[in-house]
$ cat upload00.txt   # compact mmCIF, C-alpha atoms and all ligand atoms
# COMPACT_ATOMS: atom_id res chain seq x y z
CA MET A 1 -11.22 -6.43 -29.62
CA ILE A 2 -8.69 -8.15 -27.36
CA ASN A 3 -5.09 -7.80 -28.49
CA ILE A 4 -2.29 -9.84 -26.97
CA LYS A 5 1.28 -8.59 -27.31
CA GLU A 6 4.48 -10.12 -26.02
CA ASN A 7 7.58 -8.45 -24.66
CA ILE A 8 6.32 -4.89 -24.84
CA LYS A 9 8.47 -2.65 -22.65
CA ASN A 10 6.13 0.29 -22.26
CA VAL A 11 6.94 2.18 -19.06
CA GLU A 12 3.82 4.34 -19.24
CA GLU A 13 1.47 1.37 -19.56
CA PHE A 14 3.23 -0.53 -16.80
CA ASN A 15 3.09 2.41 -14.39
CA LEU A 16 -0.52 3.12 -15.28
CA LEU A 17 -1.53 -0.43 -14.34
CA TYR A 18 0.71 -0.49 -11.29
CA ASP A 19 -0.94 2.66 -10.02
CA ALA A 20 -4.45 1.50 -11.00
CA VAL A 21 -4.19 -1.68 -8.91
CA GLY A 22 -3.10 0.40 -5.93
CA TRP A 23 0.62 -0.31 -5.78
CA GLY A 24 1.68 3.31 -6.37
CA ALA A 25 3.83 4.37 -9.30
CA TYR A 26 7.47 3.61 -9.84
CA ASP A 27 10.09 6.09 -10.99
CA GLU A 28 10.23 5.81 -14.80
CA LYS A 29 13.94 5.01 -14.89
CA ILE A 30 13.48 2.16 -12.42
CA THR A 31 10.56 0.74 -14.40
CA GLN A 32 12.53 1.01 -17.63
CA LYS A 33 15.42 -0.97 -16.17
CA ALA A 34 13.04 -3.55 -14.70
CA LEU A 35 11.30 -4.03 -18.04
CA ASP A 36 14.59 -4.16 -19.94
CA ASN A 37 15.72 -7.00 -17.66
CA THR A 38 12.47 -8.96 -17.98
CA PHE A 39 12.68 -12.45 -19.48
CA TYR A 40 9.14 -12.50 -20.90
CA SER A 41 6.03 -10.39 -20.61
CA VAL A 42 2.51 -10.29 -21.92
CA SER A 43 0.35 -7.19 -22.35
CA ILE A 44 -3.39 -7.46 -23.01
CA TYR A 45 -5.22 -4.62 -24.77
CA ASP A 46 -8.81 -3.61 -25.31
CA ASP A 47 -8.09 -2.44 -28.87
CA GLU A 48 -5.16 -0.12 -28.06
CA LYS A 49 -5.93 0.40 -24.36
CA ILE A 50 -3.91 -1.58 -21.85
CA MET A 51 -6.09 -3.87 -19.67
CA GLY A 52 -3.69 -6.39 -18.21
CA TYR A 53 -0.07 -7.37 -17.88
CA GLY A 54 2.21 -9.98 -16.36
CA ARG A 55 5.88 -10.81 -16.59
CA ILE A 56 8.44 -13.49 -15.89
CA ILE A 57 11.86 -12.68 -14.53
CA GLY A 58 14.66 -15.09 -13.77
CA ASP A 59 17.62 -16.92 -15.30
CA ALA A 60 15.52 -18.31 -18.20
CA ILE A 61 16.31 -21.96 -17.47
CA CYS A 62 16.46 -22.96 -13.78
CA PHE A 63 14.50 -20.37 -11.87
CA LEU A 64 11.60 -18.31 -13.11
CA TYR A 65 9.60 -15.86 -11.09
CA ILE A 66 6.15 -14.61 -12.06
CA GLN A 67 5.70 -10.99 -11.16
CA ASP A 68 3.39 -8.00 -11.60
CA VAL A 69 0.23 -9.77 -12.73
CA MET A 70 -2.16 -6.83 -12.95
CA VAL A 71 -5.59 -6.20 -14.44
CA LYS A 72 -7.05 -2.71 -14.52
CA PRO A 73 -9.91 -2.64 -11.99
CA GLU A 74 -12.66 -1.97 -14.58
CA TYR A 75 -11.59 -5.11 -16.46
CA GLN A 76 -11.21 -7.39 -13.44
CA GLY A 77 -13.41 -10.47 -13.17
CA LYS A 78 -13.51 -10.89 -16.96
CA LYS A 79 -10.82 -13.56 -17.25
CA ILE A 80 -8.12 -11.13 -18.37
CA GLY A 81 -5.96 -12.29 -15.44
CA THR A 82 -6.55 -15.85 -16.62
CA LEU A 83 -5.41 -14.90 -20.10
CA VAL A 84 -2.26 -13.31 -18.66
CA MET A 85 -1.48 -16.40 -16.57
CA ASN A 86 -2.11 -18.78 -19.47
CA LYS A 87 0.33 -16.85 -21.67
CA LEU A 88 2.95 -16.82 -18.91
CA LEU A 89 2.51 -20.55 -18.39
CA GLU A 90 2.85 -21.19 -22.14
CA LYS A 91 6.28 -19.58 -21.85
CA VAL A 92 7.05 -21.70 -18.78
CA ASN A 93 6.16 -24.79 -20.84
CA GLU A 94 8.64 -23.76 -23.51
CA VAL A 95 11.38 -23.54 -20.86
CA LYS A 96 10.24 -26.88 -19.44
CA LYS A 97 11.12 -28.55 -22.73
CA GLU A 98 14.73 -27.53 -22.13
CA ASN A 99 14.67 -28.11 -18.38
CA PRO A 100 11.80 -30.19 -16.99
CA ASP A 101 12.93 -29.32 -13.45
CA VAL A 102 12.61 -25.56 -13.86
CA ARG A 103 11.31 -23.99 -10.65
CA VAL A 104 8.60 -21.39 -11.00
CA TYR A 105 7.95 -19.09 -8.09
CA LEU A 106 5.65 -16.23 -7.36
CA GLY A 107 4.93 -14.10 -4.36
CA ALA A 108 1.15 -13.84 -4.15
CA SER A 109 -0.20 -10.72 -2.47
CA LYS A 110 -2.31 -11.40 0.60
CA ASN A 111 -5.63 -13.08 -0.29
CA ARG A 112 -4.63 -13.64 -3.94
CA GLU A 113 -3.61 -17.25 -3.33
CA LYS A 114 -6.91 -18.66 -4.63
CA PHE A 115 -6.37 -16.96 -7.99
CA TYR A 116 -2.97 -18.62 -8.42
CA GLU A 117 -4.11 -22.00 -7.11
CA LYS A 118 -6.31 -22.23 -10.20
CA PHE A 119 -3.14 -22.43 -12.28
CA GLY A 120 -1.46 -25.15 -10.25
CA PHE A 121 0.48 -23.10 -7.71
CA ILE A 122 0.64 -24.39 -4.16
CA LYS A 123 1.84 -22.80 -0.97
CA ARG A 124 5.53 -23.53 -0.31
CA ILE A 125 4.63 -24.97 3.06
CA ASP A 126 2.44 -27.58 1.31
CA ALA A 127 5.42 -28.54 -0.84
CA ASN A 128 7.38 -29.27 2.33
CA LEU A 129 9.41 -26.11 1.91
CA GLY A 130 9.85 -23.14 4.21
CA TYR A 131 7.65 -20.06 4.04
CA GLY A 132 10.01 -18.14 1.77
CA MET A 133 11.71 -15.03 3.05
CA ILE A 134 12.17 -11.44 2.06
CA LEU A 135 14.94 -9.07 3.06
CA ASP A 136 13.80 -6.41 5.51
CA ASN A 137 15.36 -3.32 3.92
CA LYS A 138 15.27 -1.54 7.28
CA LYS A 139 17.63 -4.11 8.77
CA MET A 140 20.37 -3.62 6.18
C1 LIG A 201 -5.72 -10.82 -9.18
C2 LIG A 201 -6.05 -10.38 -10.61
C3 LIG A 201 -4.80 -10.41 -11.46
C4 LIG A 201 -7.10 -11.36 -11.18
O1 LIG A 201 -7.42 -10.97 -12.51
P1 LIG A 201 -8.91 -11.05 -13.06
O2 LIG A 201 -8.90 -10.77 -14.51
O3 LIG A 201 -9.78 -10.20 -12.22
O4 LIG A 201 -9.23 -12.58 -12.77
P2 LIG A 201 -10.08 -13.60 -13.66
O5 LIG A 201 -11.33 -12.92 -14.10
O6 LIG A 201 -9.22 -14.17 -14.71
O7 LIG A 201 -10.42 -14.68 -12.55
C5 LIG A 201 -10.03 -16.03 -12.64
C6 LIG A 201 -10.49 -16.77 -11.42
O8 LIG A 201 -9.75 -16.30 -10.27
C7 LIG A 201 -10.65 -15.85 -9.27
N1 LIG A 201 -10.08 -14.64 -8.66
C8 LIG A 201 -9.80 -13.48 -9.26
N2 LIG A 201 -9.29 -12.61 -8.38
C9 LIG A 201 -9.27 -13.25 -7.19
C10 LIG A 201 -8.88 -12.88 -5.89
N3 LIG A 201 -8.39 -11.67 -5.62
N4 LIG A 201 -8.99 -13.79 -4.88
C11 LIG A 201 -9.49 -15.01 -5.14
N5 LIG A 201 -9.89 -15.44 -6.37
C12 LIG A 201 -9.79 -14.57 -7.37
C13 LIG A 201 -11.94 -15.51 -10.00
O9 LIG A 201 -13.05 -15.60 -9.14
C14 LIG A 201 -11.97 -16.54 -11.10
O10 LIG A 201 -12.48 -17.76 -10.57
P3 LIG A 201 -13.34 -18.76 -11.49
O11 LIG A 201 -12.40 -19.28 -12.54
O12 LIG A 201 -13.76 -19.83 -10.53
O13 LIG A 201 -14.47 -17.96 -12.04
C15 LIG A 201 -6.69 -8.97 -10.64
O14 LIG A 201 -7.83 -8.96 -9.82
C16 LIG A 201 -5.75 -7.86 -10.20
O15 LIG A 201 -5.04 -7.30 -11.01
N6 LIG A 201 -5.76 -7.51 -8.91
C17 LIG A 201 -4.93 -6.43 -8.38
C18 LIG A 201 -3.46 -6.74 -8.52
C19 LIG A 201 -3.08 -8.04 -7.86
O16 LIG A 201 -3.42 -8.28 -6.70
N7 LIG A 201 -2.35 -8.88 -8.60
C20 LIG A 201 -1.86 -10.13 -8.08
C21 LIG A 201 -0.58 -9.88 -7.43
S1 LIG A 201 0.00 -11.16 -6.44
$ encode --input "upload00.txt" --output "structure tokens"
Amino acid sequence: MINIKENIKNVEEFNLLYDAVGWGAYDEKITQKALDNTFYSVSIYDDEKIMGYGRIIGDAICFLYIQDVMVKPEYQGKKIGTLVMNKLLEKVNEVKKENPDVRVYLGASKNREKFYEKFGFIKRIDANLGYGMILDNKKM
């Protein structure tokens, strides 16, 4: 049975998924702090087993950022990612009632753009914006 839970801050589950999708594993203390500072998250379970996860970070009213959308490889292609995104966008819609101009960003991994386009995301360049930039930690 599919179980959907909101705002679960389970470091072990997060790191398990993070590792399973090939992003390595974070230090537990770092993950804990990241989860503690998360605005909203959704965890999807196959009974009690974690299958998928996604979270929103940001200032809760002007800028939201979708992050860490992950589905365990054996559950991929079964619309679990869609379920995660739909829950995250439900939360976005709640914020939109307070601020219709809320800006929602995400940084899609390479070749994941098509997945996010299904939910209404467009490339910044197509919105007449710049590419978006990221700090090169080596240059600091
Ligand atoms: C990307 C990811 C979250 C998608 O989750 P999923 O449960 O496999 O996706 P769904 O089954 O809900 O697929 C929904 C739609 O997106 C498409 N899709 C899924 N993954 C895709 C990908 N990598 N590239 C292009 N399209 C993709 C599916 O074909 C499906 O299309 P359809 O509606 O026309 O049938 C999942 O594959 C994953 O966790 N990947 C590794 C981590 C990752 O890259 N996360 C995204 C970070 S930016």
$ residues_around --input "upload00.txt" --residues "range 110-120 of chain A" --least-positions-apart "3" --cutoff "12 Å" --atoms "all atoms listed in the file" --output "list in words"
Ile66, Gln67, Val69, Met70, Gly77, Lys79, Gly81, Thr82, Leu83, Val84, Met85, Asn86, Lys87, Leu88, Leu89, Glu90, Val104, Tyr105, Leu106, Gly107, Lys123 and Arg124 of chain A
$ atom_distance --input "upload00.txt" --atom1 "CA of Gln32 in chain A" --atom2 "CA of Asn137 in chain A"
22.2 Å
$ residues_around --input "upload00.txt" --residues "range 18-28 of chain A" --least-positions-apart "2" --cutoff "8 Å" --atoms "only C-alpha atoms" --output "number ranges by chain"
A: 11-12, 14-16, 30-32, 68, 70-73
$ write_last_selection --input "upload00.txt" --atoms "C-alpha atoms" --output "PDB file, keeping the file's coordinate frame"
ATOM      1  CA  VAL A  11       6.940   2.180 -19.060  1.00  0.00           C
ATOM      2  CA  GLU A  12       3.820   4.340 -19.240  1.00  0.00           C
ATOM      3  CA  PHE A  14       3.230  -0.530 -16.800  1.00  0.00           C
ATOM      4  CA  ASN A  15       3.090   2.410 -14.390  1.00  0.00           C
ATOM      5  CA  LEU A  16      -0.520   3.120 -15.280  1.00  0.00           C
ATOM      6  CA  ILE A  30      13.480   2.160 -12.420  1.00  0.00           C
ATOM      7  CA  THR A  31      10.560   0.740 -14.400  1.00  0.00           C
ATOM      8  CA  GLN A  32      12.530   1.010 -17.630  1.00  0.00           C
ATOM      9  CA  ASP A  68       3.390  -8.000 -11.600  1.00  0.00           C
ATOM     10  CA  MET A  70      -2.160  -6.830 -12.950  1.00  0.00           C
ATOM     11  CA  VAL A  71      -5.590  -6.200 -14.440  1.00  0.00           C
ATOM     12  CA  LYS A  72      -7.050  -2.710 -14.520  1.00  0.00           C
ATOM     13  CA  PRO A  73      -9.910  -2.640 -11.990  1.00  0.00           C
TER      14      PRO A  73
END
$ residues_around --input "upload00.txt" --residues "Glu6 in chain A" --least-positions-apart "3" --cutoff "9 Å" --atoms "all atoms listed in the file" --output "PyMOL selection string"
chain A and resi 40-44
$ atom_distance --input "upload00.txt" --atom1 "CA of Leu17 in chain A" --atom2 "CA of Phe39 in chain A"
19.3 Å
$ axis_aligned_box --input "upload00.txt" --around "ligand LIG 201 (chain A)" --padding-each-side "3 Å" --output "JSON"
{"center_x": -7.2, "center_y": -13.1, "center_z": -9.8, "size_x": 20.5, "size_y": 19.4, "size_z": 15.8}
$ residues_around --input "upload00.txt" --residues "Asp101 in chain A" --least-positions-apart "2" --cutoff "12 Å" --atoms "only C-alpha atoms" --output "PyMOL selection string"
chain A and resi 61-64+92-93+95-99+103-104
$ build_atoms --input "upload00.txt" --residues "range 41-52 of chain A" --atoms "all heavy atoms" --output "PDB file, in the frame of the given file"
ATOM      1  N   SER A  41       7.217 -11.062 -21.146  1.00  0.00           N
ATOM      2  CA  SER A  41       6.030 -10.390 -20.610  1.00  0.00           C
ATOM      3  C   SER A  41       4.884 -10.480 -21.599  1.00  0.00           C
ATOM      4  O   SER A  41       5.088 -10.697 -22.800  1.00  0.00           O
ATOM      5  CB  SER A  41       6.332  -8.916 -20.304  1.00  0.00           C
ATOM      6  OG  SER A  41       6.461  -8.190 -21.504  1.00  0.00           O
ATOM      7  N   VAL A  42       3.691 -10.323 -21.065  1.00  0.00           N
ATOM      8  CA  VAL A  42       2.510 -10.290 -21.920  1.00  0.00           C
ATOM      9  C   VAL A  42       1.667  -9.072 -21.539  1.00  0.00           C
ATOM     10  O   VAL A  42       1.495  -8.768 -20.352  1.00  0.00           O
ATOM     11  CB  VAL A  42       1.716 -11.621 -21.846  1.00  0.00           C
ATOM     12  CG1 VAL A  42       1.214 -11.900 -20.445  1.00  0.00           C
ATOM     13  CG2 VAL A  42       0.554 -11.601 -22.818  1.00  0.00           C
ATOM     14  N   SER A  43       1.215  -8.362 -22.551  1.00  0.00           N
ATOM     15  CA  SER A  43       0.350  -7.190 -22.350  1.00  0.00           C
ATOM     16  C   SER A  43      -0.960  -7.470 -23.089  1.00  0.00           C
ATOM     17  O   SER A  43      -0.949  -7.912 -24.245  1.00  0.00           O
ATOM     18  CB  SER A  43       0.986  -5.937 -22.956  1.00  0.00           C
ATOM     19  OG  SER A  43       2.262  -5.717 -22.398  1.00  0.00           O
ATOM     20  N   ILE A  44      -2.073  -7.200 -22.415  1.00  0.00           N
ATOM     21  CA  ILE A  44      -3.390  -7.460 -23.010  1.00  0.00           C
ATOM     22  C   ILE A  44      -4.100  -6.116 -23.206  1.00  0.00           C
ATOM     23  O   ILE A  44      -4.187  -5.315 -22.266  1.00  0.00           O
ATOM     24  CB  ILE A  44      -4.264  -8.351 -22.101  1.00  0.00           C
ATOM     25  CG1 ILE A  44      -3.479  -9.549 -21.542  1.00  0.00           C
ATOM     26  CG2 ILE A  44      -5.535  -8.781 -22.830  1.00  0.00           C
ATOM     27  CD1 ILE A  44      -3.215 -10.662 -22.495  1.00  0.00           C
ATOM     28  N   TYR A  45      -4.603  -5.909 -24.416  1.00  0.00           N
ATOM     29  CA  TYR A  45      -5.220  -4.620 -24.770  1.00  0.00           C
ATOM     30  C   TYR A  45      -6.689  -4.798 -25.143  1.00  0.00           C
ATOM     31  O   TYR A  45      -7.071  -5.807 -25.748  1.00  0.00           O
ATOM     32  CB  TYR A  45      -4.506  -4.000 -25.962  1.00  0.00           C
ATOM     33  CG  TYR A  45      -3.061  -3.693 -25.704  1.00  0.00           C
ATOM     34  CD1 TYR A  45      -2.082  -4.676 -25.883  1.00  0.00           C
ATOM     35  CD2 TYR A  45      -2.659  -2.431 -25.275  1.00  0.00           C
ATOM     36  CE1 TYR A  45      -0.748  -4.401 -25.641  1.00  0.00           C
ATOM     37  CE2 TYR A  45      -1.321  -2.152 -25.029  1.00  0.00           C
ATOM     38  CZ  TYR A  45      -0.371  -3.137 -25.214  1.00  0.00           C
ATOM     39  OH  TYR A  45       0.949  -2.871 -24.963  1.00  0.00           O
ATOM     40  N   ASP A  46      -7.454  -3.765 -24.785  1.00  0.00           N
ATOM     41  CA  ASP A  46      -8.810  -3.610 -25.310  1.00  0.00           C
ATOM     42  C   ASP A  46      -8.609  -2.657 -26.489  1.00  0.00           C
ATOM     43  O   ASP A  46      -8.414  -1.461 -26.270  1.00  0.00           O
ATOM     44  CB  ASP A  46      -9.677  -2.997 -24.209  1.00  0.00           C
ATOM     45  CG  ASP A  46     -11.087  -2.683 -24.668  1.00  0.00           C
ATOM     46  OD1 ASP A  46     -11.430  -3.045 -25.808  1.00  0.00           O
ATOM     47  OD2 ASP A  46     -11.834  -2.078 -23.887  1.00  0.00           O
ATOM     48  N   ASP A  47      -8.599  -3.170 -27.695  1.00  0.00           N
ATOM     49  CA  ASP A  47      -8.090  -2.440 -28.870  1.00  0.00           C
ATOM     50  C   ASP A  47      -6.679  -1.951 -28.567  1.00  0.00           C
ATOM     51  O   ASP A  47      -5.787  -2.759 -28.459  1.00  0.00           O
ATOM     52  CB  ASP A  47      -9.026  -1.294 -29.268  1.00  0.00           C
ATOM     53  CG  ASP A  47     -10.311  -1.842 -29.890  1.00  0.00           C
ATOM     54  OD1 ASP A  47     -10.245  -2.875 -30.575  1.00  0.00           O
ATOM     55  OD2 ASP A  47     -11.375  -1.253 -29.657  1.00  0.00           O
ATOM     56  N   GLU A  48      -6.516  -0.634 -28.340  1.00  0.00           N
ATOM     57  CA  GLU A  48      -5.160  -0.120 -28.060  1.00  0.00           C
ATOM     58  C   GLU A  48      -4.950   0.184 -26.583  1.00  0.00           C
ATOM     59  O   GLU A  48      -3.863   0.583 -26.182  1.00  0.00           O
ATOM     60  CB  GLU A  48      -4.911   1.162 -28.875  1.00  0.00           C
ATOM     61  CG  GLU A  48      -4.971   0.980 -30.384  1.00  0.00           C
ATOM     62  CD  GLU A  48      -3.946  -0.033 -30.885  1.00  0.00           C
ATOM     63  OE1 GLU A  48      -2.769   0.065 -30.508  1.00  0.00           O
ATOM     64  OE2 GLU A  48      -4.360  -0.945 -31.646  1.00  0.00           O
ATOM     65  N   LYS A  49      -6.018   0.020 -25.785  1.00  0.00           N
ATOM     66  CA  LYS A  49      -5.930   0.400 -24.360  1.00  0.00           C
ATOM     67  C   LYS A  49      -5.447  -0.770 -23.511  1.00  0.00           C
ATOM     68  O   LYS A  49      -6.004  -1.879 -23.600  1.00  0.00           O
ATOM     69  CB  LYS A  49      -7.306   0.847 -23.844  1.00  0.00           C
ATOM     70  CG  LYS A  49      -7.649   2.282 -24.203  1.00  0.00           C
ATOM     71  CD  LYS A  49      -8.969   2.706 -23.579  1.00  0.00           C
ATOM     72  CE  LYS A  49     -10.128   1.978 -24.214  1.00  0.00           C
ATOM     73  NZ  LYS A  49     -11.447   2.261 -23.732  1.00  0.00           N
ATOM     74  N   ILE A  50      -4.449  -0.506 -22.690  1.00  0.00           N
ATOM     75  CA  ILE A  50      -3.910  -1.580 -21.850  1.00  0.00           C
ATOM     76  C   ILE A  50      -4.951  -2.011 -20.801  1.00  0.00           C
ATOM     77  O   ILE A  50      -5.558  -1.173 -20.144  1.00  0.00           O
ATOM     78  CB  ILE A  50      -2.584  -1.138 -21.174  1.00  0.00           C
ATOM     79  CG1 ILE A  50      -1.891  -2.324 -20.487  1.00  0.00           C
ATOM     80  CG2 ILE A  50      -2.771   0.037 -20.214  1.00  0.00           C
ATOM     81  CD1 ILE A  50      -1.161  -3.229 -21.369  1.00  0.00           C
ATOM     82  N   MET A  51      -5.148  -3.341 -20.680  1.00  0.00           N
ATOM     83  CA  MET A  51      -6.090  -3.870 -19.670  1.00  0.00           C
ATOM     84  C   MET A  51      -5.361  -4.705 -18.638  1.00  0.00           C
ATOM     85  O   MET A  51      -5.727  -4.739 -17.478  1.00  0.00           O
ATOM     86  CB  MET A  51      -7.097  -4.838 -20.312  1.00  0.00           C
ATOM     87  CG  MET A  51      -8.015  -4.300 -21.325  1.00  0.00           C
ATOM     88  SD  MET A  51      -9.300  -5.544 -21.658  1.00  0.00           S
ATOM     89  CE  MET A  51      -8.536  -6.535 -22.913  1.00  0.00           C
ATOM     90  N   GLY A  52      -4.343  -5.449 -19.118  1.00  0.00           N
ATOM     91  CA  GLY A  52      -3.690  -6.390 -18.210  1.00  0.00           C
ATOM     92  C   GLY A  52      -2.250  -6.645 -18.613  1.00  0.00           C
ATOM     93  O   GLY A  52      -1.849  -6.381 -19.754  1.00  0.00           O
TER      94      GLY A  52
END
